[in-house]
file final.cif (mmCIF, C-alpha atoms and all ligand atoms)
data_target
#
loop_
_atom_site.label_atom_id
_atom_site.label_comp_id
_atom_site.auth_asym_id
_atom_site.auth_seq_id
_atom_site.Cartn_x
_atom_site.Cartn_y
_atom_site.Cartn_z
CA MET A 1 41.64 30.13 0.54
CA ALA A 2 38.08 29.14 -0.27
CA ALA A 3 36.00 28.19 2.69
CA ALA A 4 34.65 24.69 2.76
CA SER A 5 31.53 24.70 0.71
CA SER A 6 28.55 25.10 2.96
CA ASP A 7 25.98 24.66 0.29
CA SER A 8 26.80 21.17 -0.89
CA ARG A 9 23.59 19.41 -0.13
CA SER A 10 23.56 15.69 0.19
CA VAL A 11 20.49 14.23 -1.35
CA THR A 12 19.30 11.54 0.99
CA ALA A 13 17.12 8.72 -0.17
CA PRO A 14 13.87 8.50 1.77
CA ARG A 15 13.85 5.71 4.34
CA ILE A 16 10.77 3.59 3.86
CA GLY A 17 9.71 0.80 6.19
CA VAL A 18 7.84 -2.30 5.09
CA LEU A 19 5.57 -3.88 7.69
CA ALA A 20 7.26 -7.25 8.03
CA LEU A 21 4.84 -9.35 10.06
CA GLN A 22 3.47 -11.38 7.16
CA GLY A 23 3.10 -11.12 3.41
CA ASP A 24 5.29 -10.15 0.48
CA VAL A 25 7.84 -8.04 2.31
CA ARG A 26 10.96 -8.88 0.26
CA GLU A 27 9.23 -8.02 -3.00
CA HIS A 28 8.37 -4.54 -1.73
CA ILE A 29 11.88 -3.97 -0.40
CA ARG A 30 13.31 -4.90 -3.80
CA MET A 31 10.96 -2.52 -5.64
CA LEU A 32 11.58 0.36 -3.21
CA VAL A 33 15.34 0.00 -3.55
CA ALA A 34 14.97 -0.10 -7.35
CA SER A 35 12.96 3.11 -7.06
CA GLY A 36 15.73 4.94 -5.21
CA ALA A 37 14.62 4.55 -1.58
CA THR A 38 16.28 2.95 1.41
CA ALA A 39 13.96 0.17 2.51
CA VAL A 40 13.88 -1.55 5.89
CA PRO A 41 11.64 -4.21 7.42
CA VAL A 42 9.61 -2.99 10.42
CA ARG A 43 8.58 -5.51 13.06
CA ARG A 44 8.70 -3.53 16.29
CA PRO A 45 7.62 -0.07 17.41
CA SER A 46 11.22 1.18 17.81
CA GLU A 47 11.86 0.46 14.12
CA LEU A 48 9.02 2.78 13.16
CA HIS A 49 10.76 5.84 14.58
CA GLY A 50 13.45 5.94 11.93
CA VAL A 51 11.25 5.72 8.85
CA ASP A 52 9.78 8.50 6.69
CA ALA A 53 6.99 6.33 5.32
CA MET A 54 5.55 2.83 5.48
CA VAL A 55 4.47 0.17 3.02
CA LEU A 56 1.79 -2.29 4.11
CA PRO A 57 2.25 -5.36 1.92
CA GLY A 58 -0.11 -7.87 0.39
CA GLY A 59 -0.77 -11.01 2.39
CA GLU A 60 -3.72 -11.68 4.64
CA SER A 61 -5.25 -8.69 6.39
CA THR A 62 -6.83 -10.73 9.21
CA THR A 63 -3.45 -12.25 10.12
CA MET A 64 -1.62 -8.97 9.66
CA TYR A 65 -4.06 -7.23 11.96
CA LYS A 66 -3.69 -9.91 14.66
CA LEU A 67 0.10 -9.88 14.45
CA ALA A 68 0.23 -6.08 14.53
CA GLY A 69 -1.64 -6.29 17.83
CA ILE A 70 0.67 -8.96 19.24
CA PHE A 71 3.75 -6.96 18.18
CA ASP A 72 2.37 -3.73 19.74
CA LEU A 73 2.36 -1.98 16.40
CA LEU A 74 -1.30 -1.03 16.04
CA GLU A 75 -1.29 2.16 18.07
CA PRO A 76 2.16 3.38 16.94
CA LEU A 77 1.14 2.88 13.31
CA ARG A 78 -2.20 4.62 13.83
CA THR A 79 -0.44 7.53 15.48
CA ARG A 80 2.08 7.92 12.66
CA LEU A 81 -0.68 7.73 10.04
CA ALA A 82 -2.74 10.29 11.93
CA ASP A 83 0.35 12.54 11.98
CA GLY A 84 0.51 12.40 8.17
CA MET A 85 3.15 9.75 7.54
CA PRO A 86 2.97 8.67 3.87
CA ALA A 87 1.85 5.08 3.36
CA LEU A 88 1.36 2.66 0.48
CA GLY A 89 -0.90 -0.34 0.99
CA THR A 90 -1.23 -3.13 -1.55
CA CYS A 91 -4.08 -5.64 -1.46
CA ALA A 92 -4.20 -6.74 2.21
CA GLY A 93 -2.34 -3.48 2.87
CA MET A 94 -5.17 -1.55 1.21
CA ILE A 95 -7.58 -3.26 3.63
CA MET A 96 -5.34 -2.30 6.57
CA LEU A 97 -5.48 1.37 5.52
CA ALA A 98 -9.24 1.53 4.94
CA ASP A 99 -11.38 3.28 7.53
CA ARG A 100 -14.17 0.75 6.94
CA ILE A 101 -14.29 -2.82 5.61
CA GLU A 102 -17.01 -5.06 4.25
CA ALA A 103 -16.71 -8.86 4.50
CA GLY A 104 -14.05 -8.72 7.19
CA ILE A 105 -13.94 -11.57 9.73
CA ALA A 106 -15.62 -11.05 13.12
CA GLY A 107 -13.70 -8.46 15.08
CA GLN A 108 -11.36 -7.54 12.23
CA GLN A 109 -10.17 -3.98 12.52
CA THR A 110 -7.86 -1.86 10.45
CA LEU A 111 -5.33 0.89 10.98
CA GLY A 112 -7.42 3.34 8.99
CA GLY A 113 -6.29 6.60 7.46
CA LEU A 114 -8.05 6.24 4.14
CA ASP A 115 -11.66 7.47 3.99
CA VAL A 116 -13.01 4.54 1.98
CA VAL A 117 -15.08 1.41 2.32
CA VAL A 118 -13.10 -1.59 1.07
CA ARG A 119 -14.67 -4.95 0.29
CA ARG A 120 -12.45 -7.96 1.06
CA ASN A 121 -12.19 -10.76 -1.52
CA ALA A 122 -14.47 -8.67 -3.71
CA PHE A 123 -13.83 -10.27 -7.08
CA GLY A 124 -15.53 -13.53 -6.15
CA ARG A 125 -14.36 -16.98 -5.12
CA GLN A 126 -14.21 -18.50 -8.57
CA VAL A 127 -11.74 -15.85 -9.71
CA ASP A 128 -8.96 -16.10 -7.16
CA SER A 129 -6.45 -14.28 -9.26
CA PHE A 130 -6.21 -12.53 -12.60
CA GLU A 131 -4.18 -9.98 -14.52
CA SER A 132 -5.55 -6.94 -16.24
CA ASP A 133 -4.21 -3.84 -17.97
CA ILE A 134 -5.38 -0.72 -16.17
CA GLU A 135 -4.99 2.99 -16.78
CA PHE A 136 -3.26 4.55 -13.77
CA VAL A 137 -3.53 8.33 -13.40
CA GLY A 138 -0.25 9.92 -14.49
CA PHE A 139 1.20 6.84 -16.25
CA ASP A 140 1.77 7.10 -20.02
CA THR A 141 0.94 3.48 -20.74
CA PRO A 142 -1.31 0.91 -19.05
CA PHE A 143 -0.10 -0.92 -15.95
CA ARG A 144 -0.36 -4.70 -15.99
CA ALA A 145 -2.03 -5.31 -12.64
CA LEU A 146 -1.99 -8.64 -10.81
CA PHE A 147 -4.97 -9.29 -8.54
CA ILE A 148 -4.90 -12.09 -5.93
CA ARG A 149 -8.06 -12.54 -3.83
CA ALA A 150 -8.20 -8.79 -4.12
CA PRO A 151 -10.39 -6.21 -2.45
CA TRP A 152 -11.96 -3.28 -4.26
CA VAL A 153 -12.92 0.15 -3.04
CA GLU A 154 -16.66 0.36 -2.72
CA LYS A 155 -17.10 3.93 -1.51
CA THR A 156 -14.77 6.90 -1.42
CA GLY A 157 -14.84 9.97 0.80
CA VAL A 158 -14.69 13.44 -0.72
CA ASP A 159 -10.92 13.80 -0.30
CA VAL A 160 -10.11 10.53 -2.00
CA GLU A 161 -8.78 10.57 -5.57
CA VAL A 162 -9.39 7.52 -7.75
CA LEU A 163 -6.14 6.52 -9.47
CA ALA A 164 -7.31 3.42 -11.33
CA THR A 165 -10.39 1.36 -12.14
CA VAL A 166 -10.88 -2.03 -13.79
CA ALA A 167 -11.02 -1.41 -17.56
CA ALA A 168 -13.08 -4.31 -18.88
CA GLY A 169 -15.14 -7.35 -18.01
CA PRO A 170 -17.94 -7.84 -15.49
CA ASP A 171 -16.17 -5.71 -12.89
CA ALA A 172 -15.35 -2.81 -15.23
CA GLY A 173 -15.35 0.48 -13.39
CA ARG A 174 -14.52 -1.01 -9.99
CA ILE A 175 -12.03 1.17 -8.12
CA VAL A 176 -8.66 -0.53 -7.61
CA ALA A 177 -6.26 2.31 -6.73
CA VAL A 178 -6.82 5.43 -4.64
CA ARG A 179 -4.95 8.27 -3.00
CA GLN A 180 -5.87 10.53 -0.13
CA GLY A 181 -3.12 13.03 0.60
CA ASN A 182 -0.02 10.99 1.42
CA VAL A 183 -1.79 7.65 1.54
CA VAL A 184 -1.93 5.46 -1.57
CA ALA A 185 -3.56 2.05 -1.87
CA THR A 186 -3.90 -0.51 -4.64
CA SER A 187 -6.08 -3.64 -4.81
CA PHE A 188 -3.41 -5.26 -6.94
CA HIS A 189 0.23 -6.24 -6.33
CA PRO A 190 2.71 -3.89 -8.04
CA GLU A 191 5.47 -5.53 -5.97
CA ILE A 192 5.12 -8.84 -7.81
CA THR A 193 5.69 -7.40 -11.28
CA ASP A 194 8.72 -6.00 -13.08
CA ASP A 195 7.04 -2.62 -13.40
CA ASP A 196 8.22 -0.29 -10.66
CA ARG A 197 6.07 2.73 -11.62
CA VAL A 198 3.75 2.50 -8.62
CA HIS A 199 6.72 2.33 -6.25
CA ARG A 200 8.41 5.25 -8.06
CA TYR A 201 5.17 7.22 -7.77
CA PHE A 202 5.17 6.52 -4.02
CA VAL A 203 8.87 7.30 -3.51
CA GLU A 204 8.37 10.66 -5.28
CA LEU A 205 5.37 11.35 -3.06
CA VAL A 206 7.48 10.59 0.04
CA ASP A 207 10.27 12.81 -1.30
CA SER A 208 7.94 15.77 -1.66
CA ALA A 209 5.91 15.14 1.53
N1 LIG A 301 -7.79 -11.58 0.70
C1 LIG A 301 -6.67 -11.05 1.46
C2 LIG A 301 -7.14 -10.31 2.70
O1 LIG A 301 -8.29 -10.24 2.97
C3 LIG A 301 -5.82 -10.12 0.63
C4 LIG A 301 -5.12 -10.91 -0.44
C5 LIG A 301 -3.80 -10.34 -0.84
O2 LIG A 301 -3.20 -9.50 -0.19
N2 LIG A 301 -3.32 -10.89 -1.92
O3 LIG A 301 -6.33 -9.79 3.38
#
call {"tool": "encode", "arguments": {"input": "final.cif", "output": "structure tokens"}}
result
Amino acid sequence: MAAASSDSRSVTAPRIGVLALQGDVREHIRMLVASGATAVPVRRPSELHGVDAMVLPGGESTTMYKLAGIFDLLEPLRTRLADGMPALGTCAGMIMLADRIEAGIAGQQTLGGLDVVVRRNAFGRQVDSFESDIEFVGFDTPFRALFIRAPWVEKTGVDVEVLATVAAGPDAGRIVAVRQGNVVATSFHPEITDDDRVHRYFVELVDSA
């Protein structure tokens, strides 16, 4: 009689946490699930242990930073990032991942992990939000990006790959998506669109990490 198959591999979906202190958490969870991942909200350090990767959502980076301190998540998150955990940060989440920020509030710190300088609210007060088609490295067609009081990346370290820049207008050429190893960040909000390509890109990265 044939032995029970020992080589039937179960393909497990990566388990991705979404920092759920503030911001558009549900939208990210929906996009991650649509992209084939298991997605869970993370509010406490114990919930970090079970995840393969983290998403830091859009919202307000000053509030997110304060709450991460209150919920004892700053150091555990910094440790996981330093250990190479994949992460995706969108808008405020991009700010949280930046090693350095311009135009932060007094005392505002970040988690770090991404060797960039990010400027908060970079696109100017009069333009609180806008949409723009951008070329994203590896995508066949432009991505319709939604910017809401968005930051941009002002300087990049040598290991940082630029994934997208603003295509047209006064801010043409500004860097709005980057990757350094397993860490990806966008100035815009892919979670608030119907286009899941950025989340798929990240889930594939987590799968192969
Ligand atoms: N301006 C916000 C901040 O500084 C980010 C805005 C957003 O995430 N939509 O955190």
call {"tool": "closest_residue", "arguments": {"input": "final.cif", "among": "A:Gly58, A:Pro45, A:Pro86, A:Gly93", "to": "A:Leu73", "atoms": "all atoms listed in the file"}}
result
A:Pro45
call {"tool": "closest_atom_pairs", "arguments": {"input": "final.cif", "of": "stretch 12-129 of chain A", "to": "stretch 152-158 of chain A", "cutoff": "8 Å", "atoms": "only C-alpha atoms", "output": "tab-separated table"}}
result
residue	atom	partner	partner_atom	distance
A:Asp115	CA	A:Gly157	CA	5.2
A:Val116	CA	A:Thr156	CA	4.5
A:Val117	CA	A:Lys155	CA	5.0
A:Val118	CA	A:Val153	CA	4.5
A:Arg119	CA	A:Trp152	CA	5.6
A:Arg120	CA	A:Trp152	CA	7.1
A:Asn121	CA	A:Trp152	CA	8.0
A:Ala122	CA	A:Trp152	CA	6.0
A:Phe123	CA	A:Trp152	CA	7.8
call {"tool": "atom_distance", "arguments": {"input": "final.cif", "atom1": "atom CA of A:Pro57", "atom2": "atom CA of A:Leu77"}}
result
14.1 Å
call {"tool": "residues_around", "arguments": {"input": "final.cif", "residues": "stretch 207-209 of chain A", "least_positions_apart": "2", "cutoff": "8 Å", "atoms": "all atoms listed in the file", "output": "PyMOL selection string"}}
result
chain A and resi 14+86+182+203-205
call {"tool": "closest_residue", "arguments": {"input": "final.cif", "among": "A:Leu74, A:Ala87, A:Val33, A:Ala92", "to": "A:Gly181", "atoms": "only C-alpha atoms"}}
result
A:Ala87
call {"tool": "closest_residue", "arguments": {"input": "final.cif", "among": "A:Leu56, A:Ile95, A:Val183, A:Ala164", "to": "A:Asp83", "atoms": "all atoms listed in the file"}}
result
A:Val183
call {"tool": "residues_near_ligand", "arguments": {"input": "final.cif", "ligand": "ligand LIG 301 (chain A)", "cutoff": "10 Å", "atoms": "only C-alpha atoms and all ligand atoms", "output": "PyMOL selection string"}}
result
chain A and resi 23-24+56-65+89-96+101+103-105+119-123+128-129+146-151+187-189
call {"tool": "closest_residue", "arguments": {"input": "final.cif", "among": "A:Val42, A:Leu32, A:Ala145, A:Ala68", "to": "A:Leu111", "atoms": "all atoms listed in the file"}}
result
A:Ala68
call {"tool": "atom_distance", "arguments": {"input": "final.cif", "atom1": "atom CA of A:Ala53", "atom2": "atom CA of A:Glu131"}}
result
28.0 Å
call {"tool": "atom_distance", "arguments": {"input": "final.cif", "atom1": "atom CA of A:Ile134", "atom2": "atom CA of A:Arg197"}}
result
12.8 Å
call {"tool": "residues_around", "arguments": {"input": "final.cif", "residues": "A:Val178", "least_positions_apart": "5", "cutoff": "6 Å", "atoms": "all atoms listed in the file", "output": "list in words"}}
result
Glu161, Val162, Leu163, Val184 and Ala185 of chain A
